[in-house]
Every structure is written in C-alpha cells, then in structure tokens.
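What's in protein20.cif: mmCIF, C-alpha atoms
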data_coords
loop_
_atom_site.label_atom_id
_atom_site.label_comp_id
_atom_site.auth_asym_id
_atom_site.auth_seq_id
_atom_site.Cartn_x
_atom_site.Cartn_y
_atom_site.Cartn_z
CA MET A 8 0.00 0.00 0.00
CA ILE A 9 2.96 2.31 0.68
CA GLU A 10 6.35 1.54 -0.75
CA LEU A 11 9.62 3.32 -0.13
CA LYS A 12 12.43 2.95 -2.65
CA ASP A 13 16.01 4.13 -2.27
CA ILE A 14 15.09 6.82 0.23
CA LEU A 15 17.91 9.06 1.35
CA VAL A 16 17.41 12.04 3.65
CA LYS A 17 20.35 14.26 4.46
CA ALA A 18 20.66 17.42 6.52
CA LYS A 19 23.74 19.24 5.28
CA ASP A 20 26.27 16.38 5.30
CA ARG A 21 24.60 14.33 8.00
CA LEU A 22 22.69 11.21 7.01
CA ILE A 23 19.26 11.20 8.62
CA LEU A 24 17.55 8.33 6.82
CA ASP A 25 18.76 5.65 4.43
CA VAL A 26 16.07 3.17 3.46
CA PRO A 27 16.74 1.18 0.27
CA SER A 28 13.37 -0.59 0.38
CA LEU A 29 10.42 -0.78 2.75
CA ARG A 30 6.81 -1.81 2.18
CA PHE A 31 3.77 -1.24 4.35
CA GLU A 32 0.68 -3.36 3.68
CA LYS A 33 -2.94 -2.45 4.29
CA GLY A 34 -4.57 -4.37 7.15
CA LYS A 35 -1.38 -4.41 9.23
CA ARG A 36 -0.01 -2.44 12.16
CA TYR A 37 3.62 -1.44 12.08
CA GLY A 38 5.57 -0.32 15.12
CA ILE A 39 8.79 1.58 14.43
CA ILE A 40 11.21 1.42 17.34
CA GLY A 41 14.62 2.91 17.94
CA GLU A 42 16.50 5.34 20.11
CA ASN A 43 16.17 9.12 19.91
CA GLY A 44 17.67 10.37 16.65
CA SER A 45 17.38 7.00 14.94
CA GLY A 46 15.19 8.44 12.16
CA LYS A 47 11.71 7.34 13.33
CA THR A 48 10.12 10.77 13.03
CA THR A 49 11.87 11.49 9.73
CA LEU A 50 10.55 8.22 8.32
CA LEU A 51 6.98 9.23 9.23
CA ARG A 52 7.53 12.71 7.80
CA VAL A 53 8.77 11.22 4.53
CA LEU A 54 5.65 9.03 4.42
CA MET A 55 3.48 12.07 5.12
CA GLY A 56 5.32 14.19 2.59
CA THR A 57 6.36 16.94 4.99
CA VAL A 58 10.03 16.00 4.46
CA GLN A 59 11.27 15.65 0.90
CA PRO A 60 14.00 13.02 0.55
CA SER A 61 17.22 13.95 -1.22
CA GLN A 62 16.61 10.91 -3.41
CA GLY A 63 14.20 8.01 -3.76
CA SER A 64 10.46 7.69 -4.08
CA VAL A 65 7.39 6.99 -2.00
CA GLY A 66 4.65 5.10 -3.77
CA PHE A 67 1.08 5.25 -2.46
CA GLN A 68 -1.95 3.22 -3.32
CA THR A 69 -4.23 5.64 -1.56
CA LYS A 70 -5.13 9.31 -1.85
CA ASN A 71 -3.33 11.85 0.32
CA ASP A 72 -6.69 12.73 1.89
CA ASN A 73 -6.94 9.22 3.29
CA ILE A 74 -3.81 9.59 5.39
CA GLY A 75 -3.96 10.98 8.91
CA TYR A 76 -0.79 12.06 10.68
CA LEU A 77 -0.29 12.84 14.33
CA PRO A 78 2.99 14.61 15.20
CA GLN A 79 4.59 13.86 18.55
CA SER A 80 3.69 17.32 19.82
CA PRO A 81 0.48 18.18 17.98
CA TYR A 82 -0.15 21.89 17.76
CA VAL A 83 -3.17 22.99 19.72
CA PHE A 84 -4.86 26.10 18.38
CA SER A 85 -5.94 28.88 20.69
CA PHE A 86 -9.59 27.91 20.26
CA SER A 87 -11.75 25.78 22.52
CA VAL A 88 -10.93 22.07 22.70
CA LYS A 89 -14.16 21.32 20.82
CA ARG A 90 -13.33 23.76 18.03
CA ASN A 91 -9.85 22.25 17.76
CA VAL A 92 -11.62 19.07 16.67
CA SER A 93 -14.56 20.52 14.74
CA MET A 94 -12.17 22.56 12.56
CA VAL A 95 -11.47 19.40 10.54
CA LEU A 96 -15.13 18.55 10.06
CA GLU A 97 -16.88 19.99 7.04
CA ASP A 98 -20.57 19.47 7.81
CA SER A 99 -21.42 22.58 9.78
CA GLN A 100 -24.68 21.17 11.16
CA SER A 101 -23.34 18.05 12.80
CA ARG A 102 -19.76 18.99 13.55
CA GLY A 103 -20.43 20.12 17.12
CA ARG A 104 -22.01 16.80 17.98
CA LEU A 105 -19.35 14.79 16.13
CA ALA A 106 -16.58 16.72 17.89
CA ARG A 107 -18.15 15.96 21.28
CA ASP A 108 -18.47 12.27 20.38
CA VAL A 109 -14.83 11.93 19.44
CA LEU A 110 -13.73 13.95 22.49
CA LYS A 111 -15.70 11.53 24.64
CA LYS A 112 -13.78 8.65 23.10
CA VAL A 113 -10.44 10.17 24.11
CA GLY A 114 -11.71 11.09 27.57
CA LEU A 115 -11.69 14.86 27.05
CA GLU A 116 -15.43 15.55 26.94
CA ASN A 117 -15.24 17.46 30.24
CA LEU A 118 -12.69 19.84 28.72
CA ALA A 119 -14.63 20.44 25.49
CA ASP A 120 -15.23 24.11 26.27
CA SER A 121 -11.79 24.84 27.78
CA ARG A 122 -9.18 26.63 25.76
CA GLY A 123 -6.99 24.16 23.89
CA ASN A 124 -3.70 25.79 24.76
CA ARG A 125 -4.31 25.23 28.47
CA LEU A 126 -4.15 21.44 28.16
CA SER A 127 -1.32 19.31 29.55
CA GLY A 128 1.07 17.46 27.22
CA GLY A 129 -0.84 14.17 27.50
CA GLU A 130 -4.19 15.87 26.96
CA ARG A 131 -2.77 17.61 23.90
CA GLN A 132 -1.76 14.27 22.44
CA ARG A 133 -5.24 12.87 23.04
CA LEU A 134 -6.78 15.99 21.50
CA GLY A 135 -4.47 15.57 18.50
CA LEU A 136 -5.58 11.96 18.14
CA ALA A 137 -9.24 13.00 18.42
CA ARG A 138 -8.68 15.48 15.59
CA VAL A 139 -7.04 12.85 13.39
CA LEU A 140 -9.76 10.28 14.10
CA ALA A 141 -12.62 12.74 13.58
CA VAL A 142 -12.47 12.17 9.82
CA PRO A 143 -12.35 8.56 8.51
CA LYS A 144 -8.90 7.60 7.24
CA GLU A 145 -7.40 4.52 5.64
CA VAL A 146 -3.90 5.15 6.90
CA LEU A 147 -2.76 6.50 10.26
CA LEU A 148 0.80 7.68 10.88
CA LEU A 149 1.38 8.37 14.56
CA ASP A 150 4.60 9.74 15.99
CA GLU A 151 4.96 8.46 19.56
CA PRO A 152 1.25 8.96 20.26
CA THR A 153 1.58 8.23 23.98
CA SER A 154 4.96 9.79 24.77
CA ALA A 155 3.35 12.34 27.13
CA THR A 156 0.29 10.44 28.34
CA ASP A 157 -0.10 8.77 31.75
CA ILE A 158 -1.05 5.10 32.11
CA ARG A 159 -4.76 5.80 31.82
CA GLY A 160 -4.20 8.01 28.79
CA THR A 161 -2.03 5.32 27.18
CA ASP A 162 -4.77 2.73 27.74
CA ILE A 163 -7.35 5.04 26.17
CA VAL A 164 -5.18 5.71 23.12
CA GLU A 165 -4.25 2.07 22.59
CA ALA A 166 -7.87 0.89 22.96
CA LEU A 167 -9.02 3.55 20.53
CA LEU A 168 -6.41 2.59 17.95
CA GLN A 169 -7.34 -1.06 18.35
CA GLU A 170 -10.99 -0.14 17.75
CA TRP A 171 -10.04 1.96 14.70
CA PHE A 172 -7.96 -0.87 13.26
CA GLU A 173 -10.64 -3.51 13.77
CA LYS A 174 -13.25 -1.27 12.18
CA THR A 175 -11.27 -0.07 9.17
CA LYS A 176 -8.72 -2.82 8.60
CA GLY A 177 -6.56 0.06 7.45
CA LEU A 178 -2.84 0.67 7.79
CA LEU A 179 -1.44 1.82 11.12
CA ILE A 180 2.16 2.97 11.39
CA PHE A 181 3.36 4.30 14.71
CA THR A 182 6.69 5.07 16.28
CA THR A 183 7.48 4.34 19.88
CA HIS A 184 10.55 4.28 22.06
CA ALA A 185 8.94 1.56 24.19
CA PRO A 186 9.22 -1.96 22.74
CA ALA A 187 6.45 -3.12 25.10
CA GLN A 188 3.99 -0.89 23.27
CA ALA A 189 5.09 -2.31 19.95
CA LEU A 190 4.54 -5.78 21.39
CA ARG A 191 0.98 -4.85 22.41
CA MET A 192 -0.01 -2.98 19.27
CA ALA A 193 2.04 -4.02 16.26
CA ASP A 194 1.85 -6.92 13.81
CA GLU A 195 5.31 -6.07 12.57
CA VAL A 196 8.18 -4.20 14.19
CA ILE A 197 10.84 -2.18 12.39
CA PHE A 198 13.99 -1.39 14.33
CA LEU A 199 15.87 1.70 13.19
CA GLU A 200 19.34 2.82 14.16
CA GLU A 201 21.20 5.82 12.79
CA GLY A 202 18.67 6.21 10.01
CA LYS A 203 18.89 2.62 8.78
CA VAL A 204 16.52 -0.31 9.10
CA VAL A 205 18.46 -2.85 11.15
CA GLU A 206 15.85 -5.56 11.56
CA THR A 207 12.17 -6.20 10.93
CA GLY A 208 9.83 -8.96 12.01
CA SER A 209 6.90 -9.88 14.19
CA PRO A 210 7.20 -8.50 17.72
CA GLN A 211 7.44 -12.00 19.18
CA THR A 212 10.27 -13.04 16.88
CA LEU A 213 12.14 -9.76 17.02
CA PHE A 214 11.95 -9.38 20.78
CA ASN A 215 12.60 -13.06 21.64
CA GLN A 216 15.23 -13.82 19.03
CA PRO A 217 16.84 -10.64 17.77
CA GLN A 218 19.34 -11.48 15.05
CA GLU A 219 21.38 -8.32 14.83
CA PRO A 220 23.80 -7.20 17.57
CA GLN A 221 22.37 -3.64 17.46
CA THR A 222 18.85 -4.96 18.08
CA GLN A 223 20.10 -7.12 20.92
CA ALA A 224 21.91 -4.15 22.46
CA PHE A 225 18.81 -1.91 22.15
CA LEU A 226 16.47 -4.51 23.63
CA SER A 227 18.85 -5.30 26.50
CA HIS A 228 17.89 -1.93 28.05
CA TRP A 229 14.22 -2.86 28.22
CA ILE A 230 12.14 -5.28 30.27
CA ILE A 231 9.45 -6.51 27.90
CA MET B 30 1.80 78.17 37.32
CA GLU B 31 0.87 80.21 34.28
CA LEU B 32 2.11 77.41 32.05
CA ILE B 33 -0.03 74.82 33.89
CA ASN B 34 -3.12 77.05 33.61
CA SER B 35 -2.46 77.52 29.95
CA VAL B 36 -2.07 73.76 29.39
CA LEU B 37 -5.31 73.05 31.30
CA ASN B 38 -7.16 75.70 29.31
CA LEU B 39 -6.01 74.13 26.06
CA LEU B 40 -6.80 70.61 27.22
CA PHE B 41 -10.30 71.37 28.43
CA GLY B 42 -11.02 74.33 26.21
CA THR B 43 -12.34 74.49 22.67
CA ASP B 44 -9.31 75.62 20.75
CA PRO B 45 -10.29 74.94 17.11
CA GLU B 46 -6.72 74.42 15.95
CA LEU B 47 -6.00 71.87 18.66
CA ARG B 48 -9.16 69.94 17.78
CA GLN B 49 -8.23 69.99 14.12
CA ILE B 50 -4.71 68.75 14.87
CA ILE B 51 -6.06 65.88 16.97
CA SER B 52 -8.60 64.97 14.29
CA ILE B 53 -6.01 64.94 11.47
CA THR B 54 -3.57 62.94 13.62
CA LEU B 55 -6.16 60.28 14.40
CA GLN B 56 -7.31 60.06 10.77
CA MET B 57 -3.78 59.71 9.50
CA SER B 58 -2.74 57.16 12.12
CA PHE B 59 -5.93 55.12 11.73
CA PHE B 60 -5.70 54.82 7.96
CA SER B 61 -1.95 54.24 7.82
CA THR B 62 -2.23 51.50 10.47
CA LEU B 63 -5.24 49.99 8.71
CA PHE B 64 -3.56 49.82 5.29
CA SER B 65 -0.23 48.66 6.78
CA SER B 66 -2.02 45.89 8.68
CA LEU B 67 -4.05 44.81 5.66
CA ILE B 68 -0.82 44.43 3.70
CA GLY B 69 1.63 43.49 6.47
CA ILE B 70 -0.27 40.78 8.33
CA PRO B 71 -1.14 38.58 5.33
CA ALA B 72 2.36 39.18 3.91
CA GLY B 73 3.93 38.26 7.27
CA VAL B 74 1.82 35.10 7.51
CA LEU B 75 2.83 34.10 3.98
CA VAL B 76 6.52 34.62 4.74
CA GLY B 77 6.43 33.09 8.24
CA ALA B 78 4.22 30.09 7.48
CA ASN B 79 5.90 28.89 4.31
CA GLU B 80 9.29 27.60 3.29
CA PHE B 81 10.27 28.76 -0.18
CA ARG B 82 13.28 29.59 -2.30
CA GLY B 83 14.53 33.09 -1.55
CA LYS B 84 12.86 33.30 1.86
CA ALA B 85 16.12 34.26 3.57
CA VAL B 86 16.73 37.07 1.05
CA LEU B 87 13.17 38.33 1.35
CA SER B 88 13.38 38.29 5.16
CA ARG B 89 16.62 40.27 4.97
CA ILE B 90 14.99 42.86 2.71
CA ILE B 91 12.03 43.23 5.09
CA ASN B 92 14.36 43.55 8.08
CA THR B 93 16.41 46.16 6.21
CA LEU B 94 13.25 48.14 5.50
CA LEU B 95 12.55 48.05 9.25
CA GLY B 96 15.46 50.40 9.63
CA LEU B 97 14.31 52.74 6.87
CA PRO B 98 14.80 56.27 8.22
CA PRO B 99 11.47 58.19 8.17
CA VAL B 100 13.02 61.09 6.28
CA VAL B 101 14.16 58.70 3.54
CA ALA B 102 10.63 57.31 3.26
CA GLY B 103 9.39 60.91 3.20
CA LEU B 104 11.86 61.82 0.49
CA LEU B 105 10.81 58.85 -1.65
CA VAL B 106 7.13 59.74 -1.39
CA LEU B 107 7.93 63.40 -1.98
CA LEU B 108 9.74 62.54 -5.20
CA LEU B 109 6.91 60.27 -6.27
CA LEU B 110 4.17 62.79 -5.58
CA SER B 111 5.89 66.01 -6.57
CA ARG B 112 4.59 67.67 -9.76
CA SER B 113 7.46 66.32 -11.83
CA GLY B 114 7.26 62.87 -10.19
CA PRO B 115 5.53 59.80 -11.67
CA LEU B 116 2.43 60.31 -9.50
CA GLY B 117 2.45 64.09 -9.69
CA ASN B 118 -0.82 64.22 -11.62
CA PHE B 119 -2.73 63.04 -8.59
CA ARG B 120 -1.85 66.27 -6.73
CA LEU B 121 -1.44 64.43 -3.45
CA LEU B 122 1.58 66.23 -2.06
CA TYR B 123 0.85 68.14 1.16
CA THR B 124 -2.34 66.18 1.83
CA VAL B 125 -3.26 63.67 4.52
CA GLU B 126 -3.27 61.00 1.79
CA ALA B 127 0.42 61.68 1.11
CA MET B 128 1.16 61.36 4.82
CA VAL B 129 -0.70 58.04 4.91
CA ILE B 130 1.29 56.76 1.92
CA ALA B 131 4.59 57.68 3.57
CA GLN B 132 3.55 56.02 6.81
CA VAL B 133 2.36 52.86 5.07
CA LEU B 134 5.84 52.67 3.54
CA LEU B 135 7.35 52.91 7.02
CA ILE B 136 4.95 50.75 9.02
CA THR B 137 4.23 47.88 6.61
CA PRO B 138 7.74 46.36 6.89
CA PHE B 139 7.46 46.60 10.68
CA ILE B 140 4.10 44.78 10.77
CA THR B 141 5.27 42.23 8.19
CA ALA B 142 8.47 41.45 10.09
CA MET B 143 6.74 41.19 13.47
CA THR B 144 4.04 38.91 11.99
CA ALA B 145 6.55 36.70 10.15
CA ASN B 146 8.64 36.28 13.31
CA LEU B 147 5.60 35.50 15.44
CA VAL B 148 4.17 32.97 13.01
CA GLY B 149 7.54 31.49 12.08
CA VAL B 150 8.25 30.23 15.60
CA ASN B 151 5.43 27.65 15.44
CA ALA B 152 5.11 27.31 11.67
CA THR B 153 6.58 23.80 11.43
CA ALA B 154 4.38 22.42 14.22
CA ILE B 155 1.26 24.11 12.82
CA ASN B 156 1.94 23.00 9.25
CA GLU B 157 2.60 19.40 10.33
CA THR B 158 -0.57 19.35 12.40
CA LEU B 159 -2.69 20.84 9.62
CA VAL B 160 -1.28 18.57 6.91
CA GLY B 161 -1.88 15.63 9.27
CA VAL B 162 -5.60 16.38 9.37
CA GLY B 163 -5.85 17.06 5.65
CA ILE B 164 -5.74 20.88 5.68
CA ARG B 165 -3.32 21.91 2.95
CA GLY B 166 -2.38 24.80 0.68
CA THR B 167 -3.93 28.20 1.17
CA LYS B 168 -6.57 26.78 3.54
CA ARG B 169 -3.79 26.58 6.14
CA LEU B 170 -3.36 30.34 6.19
CA LYS B 171 -6.84 30.83 7.63
CA TYR B 172 -5.79 28.89 10.75
CA PHE B 173 -2.59 30.90 11.12
CA LEU B 174 -4.65 34.10 10.98
CA LEU B 175 -7.20 32.79 13.48
CA ASP B 176 -4.68 31.30 15.88
CA PHE B 177 -2.61 34.46 16.19
CA ARG B 178 -5.55 36.88 16.28
CA VAL B 179 -4.72 38.01 19.84
CA PRO B 180 -0.99 38.75 19.34
CA PHE B 181 -1.89 40.42 16.03
CA ILE B 182 -3.73 43.05 18.06
CA SER B 183 -0.47 43.90 19.85
CA ILE B 184 1.34 44.17 16.53
CA ILE B 185 -1.34 46.46 15.09
CA LEU B 186 -1.18 48.52 18.25
CA ALA B 187 2.60 48.84 18.00
CA GLY B 188 2.12 49.94 14.38
CA PHE B 189 -0.38 52.58 15.50
CA GLY B 190 2.11 53.75 18.12
CA ARG B 191 4.77 54.16 15.45
CA SER B 192 2.38 56.01 13.20
CA ILE B 193 1.14 58.50 15.76
CA ALA B 194 4.67 59.25 17.01
CA GLU B 195 6.29 59.67 13.59
CA VAL B 196 7.42 63.13 12.56
CA GLY B 197 10.08 63.14 9.81
CA ALA B 198 8.13 61.65 6.90
CA VAL B 199 4.84 63.41 7.65
CA GLN B 200 6.63 66.74 7.92
CA MET B 201 8.23 66.23 4.49
CA VAL B 202 5.17 65.09 2.56
CA GLY B 203 2.49 66.83 4.63
CA GLY B 204 4.23 70.14 4.94
CA ASN B 205 2.68 70.92 8.35
CA VAL B 206 -0.05 73.04 6.74
CA GLN B 207 -2.32 74.62 9.35
CA TYR B 208 -5.84 73.11 9.46
CA LYS B 209 -4.86 70.73 6.67
CA THR B 210 -1.89 68.49 7.39
CA ARG B 211 -0.68 69.62 10.79
CA VAL B 212 -0.50 66.66 13.16
CA MET B 213 0.49 66.49 16.81
CA THR B 214 4.15 65.63 16.30
CA THR B 215 4.77 68.31 13.68
CA ALA B 216 2.79 70.82 15.74
CA ILE B 217 4.80 70.02 18.90
CA MET B 218 8.01 70.58 16.97
CA MET B 219 6.79 73.86 15.50
CA GLN B 220 5.32 75.21 18.73
CA THR B 221 8.51 74.34 20.63
CA ASN B 222 10.57 76.20 18.04
CA MET B 223 8.24 79.18 18.42
CA GLY B 224 8.54 79.11 22.20
CA ARG B 225 4.86 78.17 22.75
CA PHE B 226 5.60 75.52 25.31
CA ASP B 227 2.05 75.43 26.72
CA PHE B 228 0.64 74.33 23.38
CA ALA B 229 3.46 71.81 22.89
CA ILE B 230 2.98 70.34 26.37
CA ALA B 231 -0.79 70.12 25.90
CA LEU B 232 -0.27 68.23 22.65
CA GLY B 233 2.27 65.95 24.32
CA LEU B 234 -0.20 65.14 27.09
CA ILE B 235 -2.95 64.44 24.57
CA LEU B 236 -0.61 62.11 22.68
CA LEU B 237 -0.01 60.18 25.90
CA LEU B 238 -3.74 60.13 26.64
CA ILE B 239 -4.56 58.75 23.19
CA SER B 240 -1.91 56.09 23.68
CA LEU B 241 -3.47 55.15 27.04
CA VAL B 242 -6.99 54.95 25.57
CA VAL B 243 -5.86 52.88 22.57
CA ASN B 244 -3.93 50.51 24.85
CA THR B 245 -6.90 50.10 27.19
CA VAL B 246 -9.28 49.36 24.32
CA ALA B 247 -6.83 46.90 22.76
CA ASN B 248 -6.34 45.23 26.12
CA GLN B 249 -10.10 44.73 26.46
CA ILE B 250 -10.29 43.30 22.93
CA GLN B 251 -7.44 40.91 23.74
CA LYS B 252 -9.14 39.78 26.94
CA ALA B 253 -12.41 39.23 25.11
CA ALA B 254 -10.64 37.30 22.33
CA GLN B 255 -8.79 35.14 24.83
CA GLY B 256 -11.96 34.23 26.62
CA ASP B 257 -14.02 33.22 23.57
#
structure tokens encoding of this file:
Amino acid sequence: MIELKDILVKAKDRLILDVPSLRFEKGKRYGIIGENGSGKTTLLRVLMGTVQPSQGSVGFQTKNDNIGYLPQSPYVFSFSVKRNVSMVLEDSQSRGRLARDVLKKVGLENLADSRGNRLSGGERQRLGLARVLAVPKEVLLLDEPTSATDIRGTDIVEALLQEWFEKTKGLLIFTTHAPAQALRMADEVIFLEEGKVVETGSPQTLFNQPQEPQTQAFLSHWII
Amino acid sequence: MELINSVLNLLFGTDPELRQIISITLQMSFFSTLFSSLIGIPAGVLVGANEFRGKAVLSRIINTLLGLPPVVAGLLVLLLLSRSGPLGNFRLLYTVEAMVIAQVLLITPFITAMTANLVGVNATAINETLVGVGIRGTKRLKYFLLDFRVPFISIILAGFGRSIAEVGAVQMVGGNVQYKTRVMTTAIMMQTNMGRFDFAIALGLILLLISLVVNTVANQIQKAAQGD
C-alpha cells in the first residue's frame, strides 16, 4: 500500500535516513522502534510528505486525503478544545455533535469548552488523536502517540487505535521508544538505528530472538 | 503656574486648531495602520508560514526596510508625488493622503516582520498538524490568521504607536499646513521652536492620553478574544 524505494534524507552532510526498500501493507499495524535520533520521526515525515527526501520515491496506493498524521507534539490552536476538533469537520450542522463524540472517546469531553492551549502534554496528544480520528482515514501515521500520556491516557489511546484498526482494517504505522507498546499494538516491528533499518519482524520473533547485535543491544535496556 | 493654567485651558477648552490637529492625527494614524495591517499581516503570515526559495533574502529585505529612516521614506514619497514625479498628476503632495502613503511605507515592513517572526516560531508544528488532518495549501493560512488573532492586536497597536509618534516623513510630505496636514508631532516641533511651550505640552499630554486609551481598548479586545 505504501512503498519506499532508495530513500535518502540528508541534513547538510549528516545522514538522517537511508532506506533502500520498505513496504507497508494495508490491514497491518507497524511499530517503528529505535532510540532518539534514529530516524523514526523522519521516516513518518517522509511518508506524510512533509520532508522531501534527497533521493528516492514513495509510492502510495491511496489518496493523500486518506492519510492521517499525528505529530509527537500536535499543535493545539488557541480555540476551545471542541473547536480544535470541529475545525477538521466539514458538515457545519453536525460537527459540534461529532466533535463531542470523538472527544468523549479520548476522555476529554469534560474539557470540550476549555481553551486548547491550556491542556497538559498528554491531553494535547489525546486531543491531537481525536482530531485525526474525527475524519475517517485509511492510513494512520502516529509519531509516539503516547509519549506524554499517563497510564490511563495510554490505555485510552491504545484501545481507541485497536478499535479503529478492527473497524477499518486500514494501515497503522506508529513510532514508539517503548518496545512493550510495539509488542501490544504491532503486527510487525521495524527497528531503526542511525537512520537505517536494522531488523524487521513480528514483535514475538524480534523481541525473543533478535538477530542483529544492534537490536540485541537496544532490547537489552528494556524489560518486555 | 501660568504654564499649567495655559495647558489646562487648552486641554479642556475648545481651541479649534487643537481639535483639528487631533482629528487629522487620528485620521492619519488610523488609515496608515489599517492599510499597513491589511498588507503586512497577510504578507507576514505568507513569509512566516511557508518555506520557499529566496525566503532568507526576502526576510533580509524586510528587516532592512525596518530600519528605513522616516526622512528617507518621506523623500521617496515626496519625489513620487511632486509635480514632476511619476504620481504628480494626482496632486497628493501636502495632503493627509500623502502622509498616509509615507507612513504605510514605514509601518508595513514593521508589521510584516513582526508577523513573520511571530508565526515562524510555530510554523513547522502548525503545518505538520494541519497537513496531518488534511488541511493543505492556502486553507492553512486561515488557521494561522485565526490562531494568532490576539498577538496580532499587539502588533497592530505597535504599528499605531509608530504612526502617531512619527514626525520626519509626515513633515516632508504633509508640509505641516495649518488646518490641513498639521499633526500632533509636527505641531509640537513647530510650537517648541516658536517658544509656545504650553501648546506643545498640551499636545504631548494628549498624545499620551490617546496612547493610554488605545492601549486600554486593545487590552479589552485581547481579553475578550482570549476568553471566547
């Protein structure tokens, strides 16, 4: 459904991403793991088209409008929480109700009338997710969607993504620095280091029998 | 004591010249701020919100124009509007319109630069967020304008402050003609030179008072906008 070919992203002389080939299939959930600066965010940005690679191509089998992207720190506009969601909805008659429904799903219905820029980091992430989920999408690209949420917030987000996936059978690609989250949510894990794909596989295989020394070293820091 | 009495008489009296000066000053400042904002804010959003080839050069030009000396702006407009100049047929020299043109030339770069800097700080995060929810192209600009509506008030206010306090350009293209183009700053300068300190002080106090009123009104608008 999305195919990357010979992707190279450089910033001045520094290599940020080097992906000769990578394919993402519809109906699967991909978890991208790796340390800070490993290229996870850049990979999502290339997929979203907000970063243009120095070379290579990204092939889509879906329209751009069908892709939703949640940055790690979603911008929250200085409107009410509800309007931050309804801004993406086109039907002016039902958008207030739809916005409330989706806010309820992310556990922010009580804050619907508060100003968006007064939310905490975790609440902002949930608001960002609500905004992305407010319009049906075939593909979701999420950059560390729970990096600022507490345990309850993480549960809400993961349950909501599970529900979205079961309903749409779409394509979910998310980054995380926590392998345990990839184990819970992904069908396939991609381990990145210094902008390169080191190893891919099912979470069970990759976490139980990592083949590459870099993967082994990365996983040795985590209790999964 | 005599000076204070004289100032109070002018402030609370019905001196026709003083009223005319205040009226012309407010007209000129209002229209020059309005036109500068109408040009400068959208231009600043376009520059601040987008990445494009030549952005660095354009930003440098705008920042250079920030330092444009008022008398140079006045000279440019004077040459443009003088009888032998390209716009001489319009007979605008020594009118309020000429003063507005000169001020727009001075204030627009200021408003553009302030807006571009303000918007530019969060541009990447806003663009990523908007693209992520399917809002692309020129549609994005609407959200930049809406999101920064409160700080824009401060920028417009600062532009108004510059306009009302400016003297060099308006003196050159307005000519300080009594009952026609005399504004508070040019009048203060003239009255001081003539030794009429009471009139100059009264005008100075009124300038401060206008500044206070404008700030208070803008503050209320900001509070209302923040609470919507």
Item to check | the PyMOL selection byres ((chain B) within 12 of (chain A)) resolved against shown file, as a VMD selection string | outcome: chain B and resid 79 to 80 151 to 165 168 to 169 171 to 180 254 to 257
Next on the checklist: Using Å and a single decimal, report how far CA of Leu55 in chain B sits from CA of Ala131 in chain B.
Outcome noted: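 So the answer is 15.5 Å.
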Next on the checklist: Using all atoms listed in the file for the distances, tell me which of A:Val88, A:Ile40, A:Leu15, A:Ala185 is nearest to Gln59 in chain A.
Outcome noted: A:Leu15
Checklist entry - Neighbours of Asp157 in chain A within 12 Å (only C-alpha atoms; same-chain residues fewer than 4 positions away dropped), as a ChimeraX atom specification? => result /A:127-130,132-133,152-153,161-164
Checklist entry - So what do you get for CA of Met128 in chain B versus CA of Met219 in chain B, distance-wise? => result 17.4 Å
Can you rebuild range 72-87 of chain B with N, CA and C atoms and give it as a PDB file, in the coordinates of the input?
ATOM      1  N   ALA B  72       1.002  39.375   4.462  1.00  0.00           N
ATOM      2  CA  ALA B  72       2.360  39.180   3.910  1.00  0.00           C
ATOM      3  C   ALA B  72       3.239  38.472   4.945  1.00  0.00           C
ATOM      4  N   GLY B  73       3.138  38.886   6.195  1.00  0.00           N
ATOM      5  CA  GLY B  73       3.930  38.260   7.270  1.00  0.00           C
ATOM      6  C   GLY B  73       3.560  36.808   7.467  1.00  0.00           C
ATOM      7  N   VAL B  74       2.263  36.503   7.368  1.00  0.00           N
ATOM      8  CA  VAL B  74       1.820  35.100   7.510  1.00  0.00           C
ATOM      9  C   VAL B  74       2.379  34.273   6.348  1.00  0.00           C
ATOM     10  N   LEU B  75       2.301  34.834   5.143  1.00  0.00           N
ATOM     11  CA  LEU B  75       2.830  34.100   3.980  1.00  0.00           C
ATOM     12  C   LEU B  75       4.322  33.810   4.135  1.00  0.00           C
ATOM     13  N   VAL B  76       5.068  34.796   4.592  1.00  0.00           N
ATOM     14  CA  VAL B  76       6.520  34.620   4.740  1.00  0.00           C
ATOM     15  C   VAL B  76       6.818  33.671   5.911  1.00  0.00           C
ATOM     16  N   GLY B  77       6.132  33.886   7.039  1.00  0.00           N
ATOM     17  CA  GLY B  77       6.430  33.090   8.240  1.00  0.00           C
ATOM     18  C   GLY B  77       5.950  31.660   8.155  1.00  0.00           C
ATOM     19  N   ALA B  78       4.835  31.430   7.462  1.00  0.00           N
ATOM     20  CA  ALA B  78       4.220  30.090   7.480  1.00  0.00           C
ATOM     21  C   ALA B  78       4.758  29.168   6.407  1.00  0.00           C
ATOM     22  N   ASN B  79       5.461  29.721   5.445  1.00  0.00           N
ATOM     23  CA  ASN B  79       5.900  28.890   4.310  1.00  0.00           C
ATOM     24  C   ASN B  79       7.411  28.844   4.180  1.00  0.00           C
ATOM     25  N   GLU B  80       7.881  27.724   3.655  1.00  0.00           N
ATOM     26  CA  GLU B  80       9.290  27.600   3.290  1.00  0.00           C
ATOM     27  C   GLU B  80       9.360  27.717   1.771  1.00  0.00           C
ATOM     28  N   PHE B  81      10.162  28.615   1.277  1.00  0.00           N
ATOM     29  CA  PHE B  81      10.270  28.760  -0.180  1.00  0.00           C
ATOM     30  C   PHE B  81      11.653  29.290  -0.528  1.00  0.00           C
ATOM     31  N   ARG B  82      11.984  29.117  -1.799  1.00  0.00           N
ATOM     32  CA  ARG B  82      13.280  29.590  -2.300  1.00  0.00           C
ATOM     33  C   ARG B  82      13.327  31.120  -2.195  1.00  0.00           C
ATOM     34  N   GLY B  83      14.383  31.641  -1.640  1.00  0.00           N
ATOM     35  CA  GLY B  83      14.530  33.090  -1.550  1.00  0.00           C
ATOM     36  C   GLY B  83      13.948  33.683  -0.276  1.00  0.00           C
ATOM     37  N   LYS B  84      13.476  32.798   0.630  1.00  0.00           N
ATOM     38  CA  LYS B  84      12.860  33.300   1.860  1.00  0.00           C
ATOM     39  C   LYS B  84      13.876  34.104   2.702  1.00  0.00           C
ATOM     40  N   ALA B  85      15.101  33.585   2.759  1.00  0.00           N
ATOM     41  CA  ALA B  85      16.120  34.260   3.570  1.00  0.00           C
ATOM     42  C   ALA B  85      16.401  35.666   3.017  1.00  0.00           C
ATOM     43  N   VAL B  86      16.460  35.772   1.686  1.00  0.00           N
ATOM     44  CA  VAL B  86      16.730  37.070   1.050  1.00  0.00           C
ATOM     45  C   VAL B  86      15.567  38.027   1.312  1.00  0.00           C
ATOM     46  N   LEU B  87      14.360  37.502   1.137  1.00  0.00           N
ATOM     47  CA  LEU B  87      13.170  38.330   1.350  1.00  0.00           C
ATOM     48  C   LEU B  87      13.098  38.821   2.803  1.00  0.00           C
TER      49      LEU B  87
END
